[in-house]
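For reference, run_1.cif (mmCIF, C-alpha atoms):
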```cif
data_target
#
loop_
_atom_site.label_atom_id
_atom_site.label_comp_id
_atom_site.auth_asym_id
_atom_site.auth_seq_id
_atom_site.Cartn_x
_atom_site.Cartn_y
_atom_site.Cartn_z
CA MET A 1 -32.88 -2.73 19.43
CA THR A 2 -30.69 0.36 19.04
CA HIS A 3 -29.68 1.32 15.51
CA TYR A 4 -26.58 3.36 14.82
CA GLN A 5 -26.00 5.43 11.72
CA LEU A 6 -22.51 6.02 10.36
CA GLN A 7 -21.46 9.54 11.29
CA THR A 8 -18.68 11.28 9.37
CA LYS A 9 -17.81 14.92 8.98
CA SER A 10 -19.55 16.15 5.84
CA ARG A 11 -17.09 17.30 3.20
CA ASP A 12 -17.63 18.50 -0.33
CA HIS A 13 -17.02 15.56 -2.68
CA GLY A 14 -17.68 14.08 -6.02
CA GLY A 15 -19.22 10.63 -6.09
CA ASN A 16 -21.96 11.66 -3.64
CA LEU A 17 -24.74 10.13 -5.70
CA ASP A 18 -26.92 9.58 -2.61
CA ASN A 19 -27.25 13.37 -2.37
CA ALA A 20 -28.32 13.54 -5.99
CA ILE A 21 -30.97 10.88 -5.51
CA ASP A 22 -32.25 12.49 -2.31
CA THR A 23 -32.78 15.80 -4.14
CA TYR A 24 -33.72 14.78 -7.68
CA GLY A 25 -35.05 11.25 -7.29
CA GLY A 26 -34.38 8.19 -9.34
CA SER A 27 -32.40 5.03 -8.64
CA PRO A 28 -28.61 4.66 -8.88
CA GLN A 29 -29.03 2.76 -12.14
CA GLU A 30 -30.84 5.71 -13.71
CA TRP A 31 -28.04 8.16 -13.03
CA ILE A 32 -24.88 9.01 -14.96
CA ASP A 33 -22.29 9.99 -12.38
CA LEU A 34 -19.82 12.44 -13.93
CA SER A 35 -18.89 13.94 -10.57
CA THR A 36 -15.77 11.78 -10.18
CA GLY A 37 -12.56 11.28 -12.15
CA ILE A 38 -12.92 7.51 -12.47
CA ASN A 39 -12.33 5.78 -15.80
CA PRO A 40 -15.85 4.91 -17.06
CA VAL A 41 -14.53 1.85 -18.92
CA ALA A 42 -13.17 -0.28 -16.12
CA TYR A 43 -10.61 -3.04 -16.30
CA PRO A 44 -12.48 -6.38 -16.56
CA THR A 45 -12.82 -7.95 -13.13
CA GLU A 46 -13.74 -11.57 -13.66
CA ARG A 47 -12.87 -13.54 -10.53
CA ILE A 48 -9.53 -15.33 -10.83
CA ASP A 49 -10.22 -17.74 -7.95
CA PRO A 50 -13.44 -17.81 -5.88
CA SER A 51 -11.48 -19.13 -2.90
CA ASP A 52 -10.02 -15.63 -2.50
CA ASP A 53 -13.25 -14.73 -0.71
CA HIS A 54 -12.85 -17.52 1.84
CA VAL A 55 -9.22 -17.33 2.99
CA LEU A 56 -6.99 -14.60 4.36
CA PRO A 57 -4.83 -12.91 1.71
CA ARG A 58 -1.45 -14.59 1.36
CA ARG A 59 1.62 -12.56 2.15
CA SER A 60 3.27 -13.81 -1.05
CA ASP A 61 0.37 -12.48 -3.14
CA LEU A 62 0.65 -9.07 -1.48
CA VAL A 63 4.40 -9.01 -2.19
CA SER A 64 3.70 -9.91 -5.82
CA LEU A 65 1.27 -7.00 -6.11
CA GLU A 66 3.77 -4.57 -4.62
CA ASN A 67 6.51 -5.83 -6.95
CA VAL A 68 4.29 -5.43 -10.01
CA ALA A 69 3.44 -1.89 -8.86
CA ARG A 70 7.15 -1.17 -8.44
CA SER A 71 7.80 -2.26 -11.99
CA PHE A 72 4.80 -0.43 -13.45
CA TRP A 73 5.74 2.92 -11.90
CA ASN A 74 9.54 2.48 -12.21
CA VAL A 75 10.00 2.92 -8.47
CA PRO A 76 13.64 3.40 -7.41
CA GLU A 77 15.20 0.46 -5.60
CA LYS A 78 15.70 2.42 -2.37
CA ALA A 79 11.99 3.22 -2.04
CA GLN A 80 9.43 0.91 -0.45
CA VAL A 81 6.10 0.13 -2.10
CA ILE A 82 3.22 -0.72 0.24
CA ALA A 83 -0.32 -1.56 -0.78
CA THR A 84 -3.12 0.18 1.12
CA ASN A 85 -6.90 0.04 1.36
CA GLY A 86 -7.26 2.72 -1.30
CA ALA A 87 -5.38 5.99 -1.47
CA SER A 88 -7.77 7.51 1.08
CA ALA A 89 -6.53 5.20 3.85
CA ALA A 90 -3.02 6.54 3.37
CA ILE A 91 -4.19 10.14 3.16
CA ALA A 92 -6.06 9.79 6.46
CA ALA A 93 -3.22 8.03 8.29
CA LEU A 94 -0.05 9.84 7.22
CA PRO A 95 -0.58 13.10 9.19
CA PHE A 96 -0.72 11.09 12.43
CA LEU A 97 2.66 9.55 11.66
CA LEU A 98 4.53 12.71 10.66
CA GLU A 99 6.23 15.18 12.98
CA GLY A 100 5.37 18.86 12.82
CA LYS A 101 2.53 21.34 13.24
CA LYS A 102 2.23 23.28 9.99
CA VAL A 103 1.33 22.00 6.54
CA SER A 104 1.22 23.72 3.16
CA ILE A 105 -1.40 22.50 0.68
CA PRO A 106 -1.76 24.63 -2.47
CA ARG A 107 -5.45 25.23 -3.14
CA PRO A 108 -7.89 24.56 -4.71
CA THR A 109 -7.22 20.84 -4.48
CA TYR A 110 -8.60 17.55 -3.20
CA ASN A 111 -9.95 18.43 0.22
CA GLU A 112 -9.27 15.15 2.03
CA HIS A 113 -5.63 16.12 2.51
CA LEU A 114 -6.45 19.22 4.54
CA ALA A 115 -9.16 17.37 6.46
CA ALA A 116 -6.70 14.62 7.39
CA PHE A 117 -4.08 17.06 8.66
CA GLU A 118 -6.68 19.02 10.61
CA ASN A 119 -7.91 15.77 12.19
CA ALA A 120 -4.34 15.15 13.35
CA GLY A 121 -4.05 18.61 14.91
CA TRP A 122 -2.04 20.36 12.20
CA CYS A 123 -2.70 23.89 10.93
CA LEU A 124 -2.57 25.17 7.39
CA HIS A 125 0.25 27.62 6.66
CA ASP A 126 1.46 28.87 3.29
CA THR A 127 4.80 30.46 4.20
CA THR A 128 6.35 28.39 6.98
CA PHE A 129 5.64 24.69 7.11
CA ASP A 130 6.95 21.29 8.14
CA VAL A 131 5.16 19.36 5.39
CA GLN A 132 4.01 20.18 1.87
CA VAL A 133 1.29 18.29 -0.01
CA PHE A 134 0.99 18.39 -3.79
CA VAL A 135 -1.72 16.68 -5.84
CA HIS A 136 0.00 15.96 -9.17
CA PRO A 137 -1.76 16.43 -11.53
CA ASN A 138 -3.95 18.58 -9.35
CA ASN A 139 -7.63 17.94 -8.80
CA PRO A 140 -9.55 19.88 -10.12
CA THR A 141 -7.22 22.15 -12.09
CA GLY A 142 -4.90 19.55 -13.61
CA LYS A 143 -1.83 21.59 -12.65
CA ILE A 144 1.45 19.73 -13.18
CA TRP A 145 4.08 20.32 -10.49
CA SER A 146 7.86 20.11 -10.62
CA ALA A 147 10.32 19.18 -7.91
CA ASP A 148 11.39 22.83 -7.77
CA ALA A 149 8.28 23.43 -5.63
CA PHE A 150 9.53 21.05 -2.92
CA LYS A 151 10.71 23.24 -0.03
CA ALA A 152 9.56 21.45 3.13
CA PRO A 153 11.46 18.87 5.20
CA ILE A 154 8.76 16.37 4.20
CA VAL A 155 6.82 16.40 0.93
CA ILE A 156 3.80 14.25 0.07
CA VAL A 157 3.01 13.91 -3.62
CA ASP A 158 -0.42 12.49 -4.47
CA GLU A 159 -0.23 11.08 -8.00
CA SER A 160 -3.69 9.50 -7.92
CA PHE A 161 -4.46 10.84 -11.42
CA GLY A 162 -0.91 10.49 -12.70
CA ASP A 163 -1.45 7.41 -14.84
CA VAL A 164 -2.92 9.48 -17.69
CA VAL A 165 0.24 11.64 -17.76
CA PRO A 166 2.98 9.09 -17.01
CA ASP A 167 5.75 11.24 -18.47
CA THR A 168 5.21 13.85 -15.75
CA THR A 169 5.63 11.53 -12.76
CA LEU A 170 8.03 12.65 -10.04
CA ILE A 171 8.42 9.14 -8.66
CA LYS A 172 12.20 9.16 -9.07
CA HIS A 173 12.31 11.47 -6.04
CA SER A 174 10.80 8.72 -3.87
CA ALA A 175 14.33 7.45 -3.26
CA GLN A 176 14.87 10.47 -1.00
CA SER A 177 13.91 9.89 2.62
CA SER A 178 11.84 13.08 2.72
CA ARG A 179 9.57 12.34 -0.27
CA ILE A 180 6.40 10.25 0.10
CA PHE A 181 4.21 9.32 -2.87
CA ILE A 182 0.58 8.20 -2.97
CA LYS A 183 -0.80 6.24 -5.92
CA SER A 184 -4.40 5.30 -6.61
CA PHE A 185 -5.39 2.14 -8.46
CA GLY A 186 -9.12 2.80 -8.66
CA LYS A 187 -9.15 5.90 -10.84
CA PHE A 188 -7.24 4.98 -14.00
CA TRP A 189 -8.34 1.33 -13.97
CA GLY A 190 -11.91 2.35 -13.11
CA LEU A 191 -12.07 0.05 -10.07
CA ALA A 192 -12.55 2.45 -7.18
CA GLY A 193 -14.71 -0.07 -5.32
CA LEU A 194 -11.82 -2.51 -4.92
CA ARG A 195 -10.11 -0.03 -2.56
CA VAL A 196 -6.50 -0.47 -3.66
CA GLY A 197 -3.84 2.19 -3.36
CA PHE A 198 -0.12 2.48 -2.71
CA VAL A 199 2.32 4.51 -0.67
CA ILE A 200 5.84 4.72 -2.03
CA GLY A 201 8.95 6.13 -0.42
CA ALA A 202 12.22 5.60 1.43
CA ASP A 203 11.14 7.69 4.41
CA PRO A 204 10.84 5.76 7.72
CA VAL A 205 7.21 6.84 7.98
CA VAL A 206 6.42 4.39 5.15
CA SER A 207 7.51 1.51 7.39
CA LYS A 208 5.41 2.96 10.21
CA LEU A 209 2.41 3.05 7.91
CA ARG A 210 2.88 -0.59 6.97
CA GLU A 211 2.84 -1.56 10.64
CA LEU A 212 -0.24 0.58 11.26
CA LEU A 213 -2.20 -1.02 8.40
CA GLY A 214 -1.55 -4.55 9.66
CA PRO A 215 -0.91 -7.79 7.75
CA TRP A 216 -4.02 -7.69 5.50
CA PRO A 217 -4.39 -4.13 4.11
CA VAL A 218 -6.04 -5.34 0.87
CA GLY A 219 -8.49 -8.19 0.22
CA GLY A 220 -7.36 -11.31 -1.62
CA GLY A 221 -9.58 -10.86 -4.67
CA ALA A 222 -8.55 -7.22 -5.01
CA ILE A 223 -4.88 -8.22 -4.81
CA LYS A 224 -5.27 -10.69 -7.68
CA ILE A 225 -7.22 -8.28 -9.89
CA ALA A 226 -4.85 -5.37 -9.28
CA THR A 227 -1.80 -7.54 -9.94
CA LYS A 228 -3.24 -8.64 -13.27
CA ALA A 229 -4.32 -5.10 -14.23
CA LEU A 230 -0.96 -3.53 -13.43
CA SER A 231 0.71 -6.15 -15.63
CA ASP A 232 -1.58 -5.60 -18.63
CA LYS A 233 0.41 -3.19 -20.77
CA GLU A 234 -1.87 -3.58 -23.80
CA TRP A 235 -4.96 -2.55 -21.82
CA VAL A 236 -3.10 0.41 -20.33
CA ALA A 237 -2.05 1.71 -23.76
CA ILE A 238 -5.58 1.36 -25.19
CA ALA A 239 -7.11 3.05 -22.13
CA ARG A 240 -4.76 6.01 -22.30
CA SER A 241 -5.51 6.54 -25.99
CA ARG A 242 -9.27 6.31 -25.48
CA LEU A 243 -9.28 8.64 -22.46
CA LYS A 244 -7.30 11.24 -24.39
CA SER A 245 -9.73 11.10 -27.31
CA ASP A 246 -12.75 11.27 -25.01
CA ALA A 247 -11.32 14.26 -23.13
CA ILE A 248 -10.98 16.11 -26.45
CA ARG A 249 -14.53 15.12 -27.38
CA LEU A 250 -15.88 16.42 -24.07
CA ASP A 251 -14.02 19.70 -24.53
CA GLN A 252 -15.51 20.14 -27.99
CA LEU A 253 -19.00 19.41 -26.68
CA MET A 254 -18.76 21.74 -23.70
CA THR A 255 -17.12 24.62 -25.53
CA SER A 256 -19.90 24.43 -28.13
CA TYR A 257 -22.20 25.48 -25.26
CA ALA A 258 -19.95 28.44 -24.33
CA ALA A 259 -18.05 26.69 -21.55
CA LYS A 260 -14.38 27.65 -21.26
CA LEU A 261 -11.82 24.97 -20.53
CA VAL A 262 -9.90 25.79 -17.34
CA GLY A 263 -7.93 22.60 -16.90
CA GLY A 264 -8.09 19.02 -15.81
CA CYS A 265 -6.56 15.82 -17.12
CA ASP A 266 -7.74 12.92 -19.26
CA LEU A 267 -9.95 11.61 -16.44
CA PHE A 268 -11.84 14.84 -15.71
CA ARG A 269 -12.23 18.34 -17.16
CA LEU A 270 -12.76 21.65 -15.39
CA TYR A 271 -14.85 24.31 -17.13
CA ASP A 272 -15.76 27.91 -16.46
CA VAL A 273 -19.42 28.69 -17.16
CA THR A 274 -21.70 31.63 -16.51
CA ASP A 275 -23.57 29.93 -13.68
CA ALA A 276 -22.19 26.57 -12.51
CA ASN A 277 -25.04 25.92 -10.12
CA LEU A 278 -27.61 26.44 -12.88
CA LEU A 279 -25.84 24.03 -15.23
CA HIS A 280 -25.35 21.53 -12.40
CA GLU A 281 -29.10 21.62 -11.69
CA LYS A 282 -29.99 21.38 -15.38
CA LEU A 283 -27.93 18.22 -15.75
CA ALA A 284 -29.27 16.82 -12.49
CA ASN A 285 -32.82 17.16 -13.76
CA HIS A 286 -31.72 14.75 -16.49
CA HIS A 287 -30.14 12.49 -13.85
CA ILE A 288 -26.58 13.43 -14.76
CA TRP A 289 -24.48 14.30 -11.73
CA SER A 290 -21.67 16.85 -12.07
CA ARG A 291 -19.26 18.47 -9.63
CA ILE A 292 -19.43 22.09 -8.51
CA PHE A 293 -17.41 23.82 -5.82
CA PRO A 294 -18.29 25.99 -2.82
CA TYR A 295 -15.43 28.38 -3.61
CA SER A 296 -16.51 29.17 -7.18
CA LYS A 297 -19.79 30.19 -8.80
CA SER A 298 -18.51 29.41 -12.29
CA TYR A 299 -16.42 26.22 -12.05
CA ILE A 300 -17.95 22.87 -12.98
CA ARG A 301 -16.04 19.62 -13.30
CA LEU A 302 -17.12 16.68 -15.44
CA GLY A 303 -15.73 13.20 -15.61
CA LEU A 304 -15.78 11.37 -18.93
CA PRO A 305 -19.02 9.66 -19.98
CA ALA A 306 -19.08 5.94 -20.67
CA PRO A 307 -19.50 5.10 -24.39
CA ALA A 308 -23.25 4.58 -24.00
CA ASP A 309 -23.79 7.84 -22.09
CA TRP A 310 -22.66 10.48 -24.56
CA THR A 311 -26.05 10.85 -26.22
CA ARG A 312 -27.79 11.51 -22.90
CA LEU A 313 -25.25 14.19 -22.01
CA GLU A 314 -25.60 15.84 -25.41
CA ARG A 315 -29.41 15.88 -25.11
CA ALA A 316 -29.30 17.26 -21.58
CA LEU A 317 -27.04 20.12 -22.63
CA ALA A 318 -29.24 20.90 -25.62
CA ALA A 319 -32.49 20.88 -23.59
#
```
Would it be possible to restate this file's structure as structure tokens?
Amino acid sequence: MTHYQLQTKSRDHGGNLDNAIDTYGGSPQEWIDLSTGINPVAYPTERIDPSDDHVLPRRSDLVSLENVARSFWNVPEKAQVIATNGASAAIAALPFLLEGKKVSIPRPTYNEHLAAFENAGWCLHDTTFDVQVFVHPNNPTGKIWSADAFKAPIVIVDESFGDVVPDTTLIKHSAQSSRIFIKSFGKFWGLAGLRVGFVIGADPVVSKLRELLGPWPVGGGAIKIATKALSDKEWVAIARSRLKSDAIRLDQLMTSYAAKLVGGCDLFRLYDVTDANLLHEKLANHHIWSRIFPYSKSYIRLGLPAPADWTRLERALAA
């Protein structure tokens, strides 16, 4: 029998816990993964109906999810809202649906955007471009953009981390046919494994994307959970308050060990340290996985620890 191994182009990422285990040992359960920007206190995911695993998702349920998302993000009436199999599915597909050859992506930022455009035959260009991509707030710096930066015929705004800074959203511009927005569900609600995301916009490419994704872009159970989560205003308010407090706590802890805060948002923090690789390795030896970057010897990014994980982080830093 022939066995095939999944082959993908290797890119620098957070969440690559397999790499941590390969190098430093241990089981997934023994590790604290702070290399992502995922809420460590996830929305509760008790199954609403076990039959969701046995039948195809209903179109009416998908429409309900998209309508709840429209309400949650105050999407203009002229813009479409389409659910996707996570934000990454949209990121990978959009460059194949857009016209042009040159894209501007301010860096450093989330590297899947550039990879997707390169896969579709585009080239990166910072002065003349057909498309601009902005991650808002930016990952890893936390930079907040304004619409004044929009210069290209088509602009993609990735607001995957925007739910911790709702007052900064640029979603009102999605009513324009040249503005396309990407939203992640997994990060703020801490449910990255459900693979739910959204593309929002009035541009015709949004309709093309819906056709490309087919009639069942999201599983039935995920639809039900995401619909409930997006409607739970009390949970959202509590989560935002806790994430803000925890981000301040992490800053106080890290700066007490001479780290300098560079930026981030309330789901992750970016610090400047003397030797990022050394600190990364020190934490890894305590089975705490952090995020460092090939373009910087001093930047290290940490997600927020879960409530039960703060003591381990504090001990690892003090060791």
Explicit residues for the PyMOL selection byres ((chain A and resi 25-40) around 7) (as a PyMOL selection string):
chain A and resi 14-15+21-24+41-42+187-190+267-268+287-291+301-306
Output C-alpha atoms for every residue in the selection just made, as a short mmCIF file (atom, residue, chain, number, x, y, z; two decimals), keeping the file's coordinate frame.
```
data_model
loop_
_atom_site.label_atom_id
_atom_site.label_comp_id
_atom_site.auth_asym_id
_atom_site.auth_seq_id
_atom_site.Cartn_x
_atom_site.Cartn_y
_atom_site.Cartn_z
CA GLY A 14 -17.68 14.08 -6.02
CA GLY A 15 -19.22 10.63 -6.09
CA ILE A 21 -30.97 10.88 -5.51
CA ASP A 22 -32.25 12.49 -2.31
CA THR A 23 -32.78 15.80 -4.14
CA TYR A 24 -33.72 14.78 -7.68
CA VAL A 41 -14.53 1.85 -18.92
CA ALA A 42 -13.17 -0.28 -16.12
CA LYS A 187 -9.15 5.90 -10.84
CA PHE A 188 -7.24 4.98 -14.00
CA TRP A 189 -8.34 1.33 -13.97
CA GLY A 190 -11.91 2.35 -13.11
CA LEU A 267 -9.95 11.61 -16.44
CA PHE A 268 -11.84 14.84 -15.71
CA HIS A 287 -30.14 12.49 -13.85
CA ILE A 288 -26.58 13.43 -14.76
CA TRP A 289 -24.48 14.30 -11.73
CA SER A 290 -21.67 16.85 -12.07
CA ARG A 291 -19.26 18.47 -9.63
CA ARG A 301 -16.04 19.62 -13.30
CA LEU A 302 -17.12 16.68 -15.44
CA GLY A 303 -15.73 13.20 -15.61
CA LEU A 304 -15.78 11.37 -18.93
CA PRO A 305 -19.02 9.66 -19.98
CA ALA A 306 -19.08 5.94 -20.67
#
```
What's the separation between CA of Ser51 in chain A and CA of Ser184 in chain A, in Å to one decimal place?
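Spanning CA of Ser51 in chain A to CA of Ser184 in chain A is a straight-line distance of 25.7 Å.
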Selection result of the PyMOL selection byres ((chain A and resi 210) around 12) on this file, as JSON, numbers by chain
{"A": [80, 81, 82, 83, 84, 85, 89, 90, 93, 94, 97, 198, 199, 200, 201, 203, 204, 205, 206, 207, 208, 209, 211, 212, 213, 214, 215, 216, 217, 218]}
Residue among A:Lys151, A:Lys143, A:Lys78, A:His54 lying closest to Pro108 in chain A, counting only C-alpha atoms
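The answer is A:Lys143, which sits nearest to Pro108 in chain A.
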For this structure, which residues satisfy the selection - the PyMOL selection byres ((chain A and resi 261) around 8) - when it is evaluated on the file as given? I want them as number ranges by chain.
A: 251, 255, 259-260, 262-263, 269-272
Could you model N, CA and C atoms for range 251-268 of chain A and present them as a compact mmCIF listing (two decimals), in the coordinates of the input?
```txt
# COMPACT_ATOMS: atom_id res chain seq x y z
N ASP A 251 -14.35 18.29 -24.37
CA ASP A 251 -14.02 19.70 -24.53
C ASP A 251 -14.78 20.32 -25.71
N GLN A 252 -14.82 19.61 -26.81
CA GLN A 252 -15.51 20.14 -27.99
C GLN A 252 -17.01 20.30 -27.72
N LEU A 253 -17.57 19.33 -27.01
CA LEU A 253 -19.00 19.41 -26.68
C LEU A 253 -19.29 20.58 -25.75
N MET A 254 -18.50 20.70 -24.69
CA MET A 254 -18.76 21.74 -23.70
C MET A 254 -18.48 23.14 -24.25
N THR A 255 -17.42 23.29 -25.00
CA THR A 255 -17.12 24.62 -25.53
C THR A 255 -18.15 25.04 -26.58
N SER A 256 -18.83 24.08 -27.19
CA SER A 256 -19.90 24.43 -28.13
C SER A 256 -21.10 25.03 -27.41
N TYR A 257 -21.14 24.86 -26.09
CA TYR A 257 -22.20 25.48 -25.26
C TYR A 257 -21.61 26.60 -24.40
N ALA A 258 -20.54 27.22 -24.91
CA ALA A 258 -19.95 28.44 -24.33
C ALA A 258 -19.18 28.19 -23.04
N ALA A 259 -18.92 26.95 -22.69
CA ALA A 259 -18.05 26.69 -21.55
C ALA A 259 -16.60 26.94 -21.96
N LYS A 260 -15.80 27.42 -21.01
CA LYS A 260 -14.38 27.65 -21.26
C LYS A 260 -13.57 26.61 -20.48
N LEU A 261 -12.66 25.96 -21.18
CA LEU A 261 -11.82 24.97 -20.53
C LEU A 261 -10.83 25.67 -19.59
N VAL A 262 -10.83 25.25 -18.33
CA VAL A 262 -9.90 25.79 -17.34
C VAL A 262 -8.73 24.85 -17.14
N GLY A 263 -9.00 23.56 -17.12
CA GLY A 263 -7.93 22.60 -16.90
C GLY A 263 -8.49 21.22 -16.70
N GLY A 264 -7.70 20.39 -16.05
CA GLY A 264 -8.09 19.02 -15.81
C GLY A 264 -7.05 18.08 -16.38
N CYS A 265 -7.41 16.81 -16.51
CA CYS A 265 -6.56 15.82 -17.12
C CYS A 265 -7.46 14.90 -17.94
N ASP A 266 -6.94 13.78 -18.40
CA ASP A 266 -7.74 12.92 -19.26
C ASP A 266 -8.72 12.04 -18.51
N LEU A 267 -8.91 12.29 -17.21
CA LEU A 267 -9.95 11.61 -16.44
C LEU A 267 -11.06 12.56 -16.01
N PHE A 268 -10.81 13.85 -16.04
CA PHE A 268 -11.84 14.84 -15.71
C PHE A 268 -11.46 16.17 -16.34
```
